[in-house]
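Worksheet: one structure, shown below.
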Amino acid sequence: MSSISDLVNLNLSDSTEKVIAEYIWVGGSGMDMRSKARTLSGPVKDPSKLPKWNYDGSSTGQAPGQDSEVILYPQTIFRDPFRRGNNILVMCDAYTPAGEPIPTNKRHNAAKIFSNPEVVAEEPWYGIEQEYTLLQKDVQWPVGWPLGGFPGPQGPYYCGIGANKAFGRDIVDSHYKACLYAGINISGINGEVMPGQWEFQVGPSVGISAADELWVARYILERITEIAGVVLSFDPKPIQGDWNGAGAHTNYSTKSMRNDGGFEVIKKAITKLEKRHKEHIAAYGEGNERRLTGKHETADMNTFIWGVANRGASIRVGRDTEKAGKGYFEDRRPASNMDPYVVTSMIAETTLLWKP
């Protein structure tokens with residue numbers, strides 16, 4: 001008799017050419033992820049060859065009940081680390097039946113910005129540091145923390161090892177390998193300052209692919225925590241008090257910044273970002289005011305500061321960039337629950353297209 005595990009791990013290629021495509025999209029909150037699967041007659045590698053699909057938008061907070069059909073447009077394909085074989089994950093964005101992007105479709109506007117010839121010519125690179133917290137399912141309290149209590153103060157947990165310092169590493173490593181299998185350009189992982197909090201990095205990736213990859217990496221992570229019976233939180237300040245929040249620091253460079261003399265280009269870009277500080281803060285994630293307090297390696301959200309190697313700044317420039325006179329900078333303002341389509345495209349728009 002086959003077990004559930006046997007059936008879950010069936011290799012479909014032994015008996016059929018058909019494959020399973022898991023269509024993924026962003027739900028009505030702008031942060032929740034949804035997905036459903038369909039059978040394809042054979043392997044597909046080009047998203048333009050995939051059929052559009054629909055779903056009930058009234059059940060995701062994205063359409064009224066009397067006109068609930070929302071259409072999924074396939075945009076990018078990744079290998080499926082759960083079903084494996086030729087099965088795929090498909091990142092989609094959502095439109096009305098008339099072909100208009102629905103309000104929560106932030107990819108559509110980002111694609112416009114990234115297809116602008118001035119942006120294309122500069123080949124914007126992104127590296128996104130996604131922080132998150134693992135919570136015990138029934139009590140919504142960080143893994144490794146005593147129920148109703150607190151662990152020892154911060155200090156030993158960042159990049160720490162040991163059963164009393166690192167909580168949830170099996171989930172973290174499973175996610176790391178699953179993302180590599182999927183074809184996501186995940187570049188690393190580490191334990192964070194608050195116990196039960198971790199980080200993974202995506203990039204360097206060019207243009208809109210950075211946001212596609214981050215969303216699918218989030219999807220894979222939440223599927224893994226589902227299997228593990230753990231809750232995934234992207235709250236920017238999950239625990240009040242003397243504990244670090246969770247961000248999504250976004251590293252950025254353009255071709256001009258990476259070339260000789262690039263540090264001057266970086267400084268001009270930072271000046272533009274300073275002038276649009278309020279607009280960026282408003283778009284950088286819900287609840288970010290609880291995180292950007294000027295404490296715990298943040299700058300106060302009402303001020304704009306930049307500096308070299310300053311982790312208390314809004315924008316940090318690395319020592320290597322200063323020394324080389326070219327490179328990249330890090331926008332430390334985005335919250336862990338930011339929309340990467342919004343953040344990456346807004347940085348490109350401000351630094352490359354906006355005219356003060």
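Residue numbers start at 1 in each chain; chains themselves are named A, B, ... in the order of the structure tokens; ligands are numbered from 1 in the order shown.
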Problem set entry | For Asp56 in chain A: contacts at 8 Å, only C-alpha atoms, fewer than 6 positions along chain excluded, given as a ChimeraX atom specification | /A:63,68-70
Exercise. Residues at most 7 Å from Met194 in chain A, counting only C-alpha atoms, excluding those fewer than 4 positions away in the same chain, as a ChimeraX atom specification?
Worked result: /A:154,157,243-244
For this session: With a distance cut-off of 10 Å and only C-alpha atoms, select the neighbouring residues of Pro47 in chain A, excluding the residue or stretch itself and same-chain residues fewer than 5 positions from it, and output the selection as JSON, numbers by chain.
Result: {"A": [52, 73, 74, 75, 76, 77, 78, 90, 91, 92]}
Problem set entry | Residues within 8 Å of Asn302 in chain A, only C-alpha atoms, excluding chain neighbours under 2 positions, as a VMD selection string | chain A and resid 278 300 304
For this session: Kindly give the distance, in Å, that separates CA of Gly285 in chain A and CA of Pro236 in chain A, rounded to a single decimal.
Result: 8.2 Å
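Restricting the calculation to only C-alpha atoms, the smallest distance between Ser345 in chain A and any of A:Gln240, A:Ser3, A:Ser115, A:Asn86 is found for A:Ser115.
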Problem set entry | Near-Thr271 in chain A list (12 Å; only C-alpha atoms; drop same-chain fewer than 6 positions) as JSON, numbers by chain | {"A": [264, 265, 277, 304, 305, 306, 314, 315, 350, 351, 354, 355, 356]}
Generate a file of the selected residues that holds C-alpha atoms, formatted as a JSON list (two decimals), in the first residue's frame.
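The resulting file, result09.json, is reproduced below:
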```json
[["chain", "number", "residue", "atom", "x", "y", "z"],
["A", 264, "GLU", "CA", 29.47, 60.79, -8.25],
["A", 265, "VAL", "CA", 26.47, 59.26, -10.04],
["A", 277, "HIS", "CA", 11.81, 60.78, 0.75],
["A", 304, "PHE", "CA", 16.79, 61.36, 5.60],
["A", 305, "ILE", "CA", 20.41, 60.50, 6.30],
["A", 306, "TRP", "CA", 23.01, 58.86, 4.12],
["A", 314, "SER", "CA", 18.37, 55.83, 5.29],
["A", 315, "ILE", "CA", 20.88, 55.10, 2.52],
["A", 350, "THR", "CA", 13.33, 58.45, -9.05],
["A", 351, "THR", "CA", 17.00, 57.99, -9.91],
["A", 354, "TRP", "CA", 12.37, 61.86, -12.32],
["A", 355, "LYS", "CA", 13.32, 65.43, -13.07],
["A", 356, "PRO", "CA", 13.46, 67.60, -9.89]]
```
Exercise. Any idea what's packed within 9 Å of Asn11 in chain A, counting only C-alpha atoms, ignoring anything in its chain fewer than 2 positions away? Could you give it as a ChimeraX atom specification?
Worked result: /A:7-9,13-15,83-85
Take the residues that were just selected and, keeping N, CA, C and O atoms, output them as a PDB file, in the first residue's frame.
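Below you can see selection_14.pdb, which holds the result:
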```pdb
ATOM      1  N   LEU A   7       2.853   8.962  -2.710  1.00  0.00           N
ATOM      2  CA  LEU A   7       2.013   9.565  -3.742  1.00  0.00           C
ATOM      3  C   LEU A   7       2.405  11.013  -4.018  1.00  0.00           C
ATOM      4  O   LEU A   7       2.401  11.461  -5.173  1.00  0.00           O
ATOM      5  N   VAL A   8       2.761  11.748  -2.979  1.00  0.00           N
ATOM      6  CA  VAL A   8       3.200  13.128  -3.168  1.00  0.00           C
ATOM      7  C   VAL A   8       4.445  13.182  -4.046  1.00  0.00           C
ATOM      8  O   VAL A   8       4.614  14.090  -4.869  1.00  0.00           O
ATOM      9  N   ASN A   9       5.303  12.177  -3.894  1.00  0.00           N
ATOM     10  CA  ASN A   9       6.575  12.166  -4.609  1.00  0.00           C
ATOM     11  C   ASN A   9       6.553  11.348  -5.895  1.00  0.00           C
ATOM     12  O   ASN A   9       7.608  11.031  -6.455  1.00  0.00           O
ATOM     13  N   SER A  13       6.748  11.775 -14.954  1.00  0.00           N
ATOM     14  CA  SER A  13       7.384  11.517 -16.246  1.00  0.00           C
ATOM     15  C   SER A  13       7.503  10.034 -16.553  1.00  0.00           C
ATOM     16  O   SER A  13       7.738   9.647 -17.695  1.00  0.00           O
ATOM     17  N   ASP A  14       7.320   9.185 -15.539  1.00  0.00           N
ATOM     18  CA  ASP A  14       7.346   7.739 -15.763  1.00  0.00           C
ATOM     19  C   ASP A  14       6.105   7.242 -16.498  1.00  0.00           C
ATOM     20  O   ASP A  14       6.124   6.168 -17.096  1.00  0.00           O
ATOM     21  N   SER A  15       5.017   8.023 -16.446  1.00  0.00           N
ATOM     22  CA  SER A  15       3.752   7.524 -16.976  1.00  0.00           C
ATOM     23  C   SER A  15       3.020   8.488 -17.911  1.00  0.00           C
ATOM     24  O   SER A  15       2.095   8.075 -18.604  1.00  0.00           O
ATOM     25  N   ARG A  83       6.864  19.575  -6.579  1.00  0.00           N
ATOM     26  CA  ARG A  83       6.475  18.456  -7.451  1.00  0.00           C
ATOM     27  C   ARG A  83       7.643  17.952  -8.294  1.00  0.00           C
ATOM     28  O   ARG A  83       7.616  16.826  -8.763  1.00  0.00           O
ATOM     29  N   ARG A  84       8.607  18.809  -8.526  1.00  0.00           N
ATOM     30  CA  ARG A  84       9.819  18.495  -9.284  1.00  0.00           C
ATOM     31  C   ARG A  84       9.498  18.013 -10.704  1.00  0.00           C
ATOM     32  O   ARG A  84       8.448  18.314 -11.230  1.00  0.00           O
ATOM     33  N   GLY A  85      10.405  17.268 -11.321  1.00  0.00           N
ATOM     34  CA  GLY A  85      10.188  16.849 -12.699  1.00  0.00           C
ATOM     35  C   GLY A  85      10.079  18.054 -13.627  1.00  0.00           C
ATOM     36  O   GLY A  85      10.807  19.044 -13.486  1.00  0.00           O
TER      37      GLY A  85
END
```
For this session: Please run DSSP on the backbone and report, as an MDAnalysis selection string, all residues within range 176-304 of chain A that come out as helix (DSSP H, G or I).
Result: chainID A and resid 176:182 209:228 255:258 262:275 277:283 288:290
Exercise. If you count only C-alpha atoms, which residues fall within 12 Å of Ile224 in chain A, apart from same-chain ones fewer than 3 positions away, as a PyMOL selection string?
Worked result: chain A and resi 81-82+134+168+170-179+217-221+227-232
For this session: From range 100-331 of chain A, collect each residue whose DSSP state is strand (DSSP E) and return the set as JSON, numbers by chain.
Result: {"A": [125, 126, 127, 128, 129, 130, 131, 132, 133, 134, 135, 136, 141, 142, 186, 187, 188, 189, 190, 191, 197, 198, 199, 200, 201, 202, 203, 204, 205, 206, 230, 231, 232, 233, 248, 249, 250, 251, 252, 253, 306, 307, 308, 315, 316, 317, 329, 330, 331]}
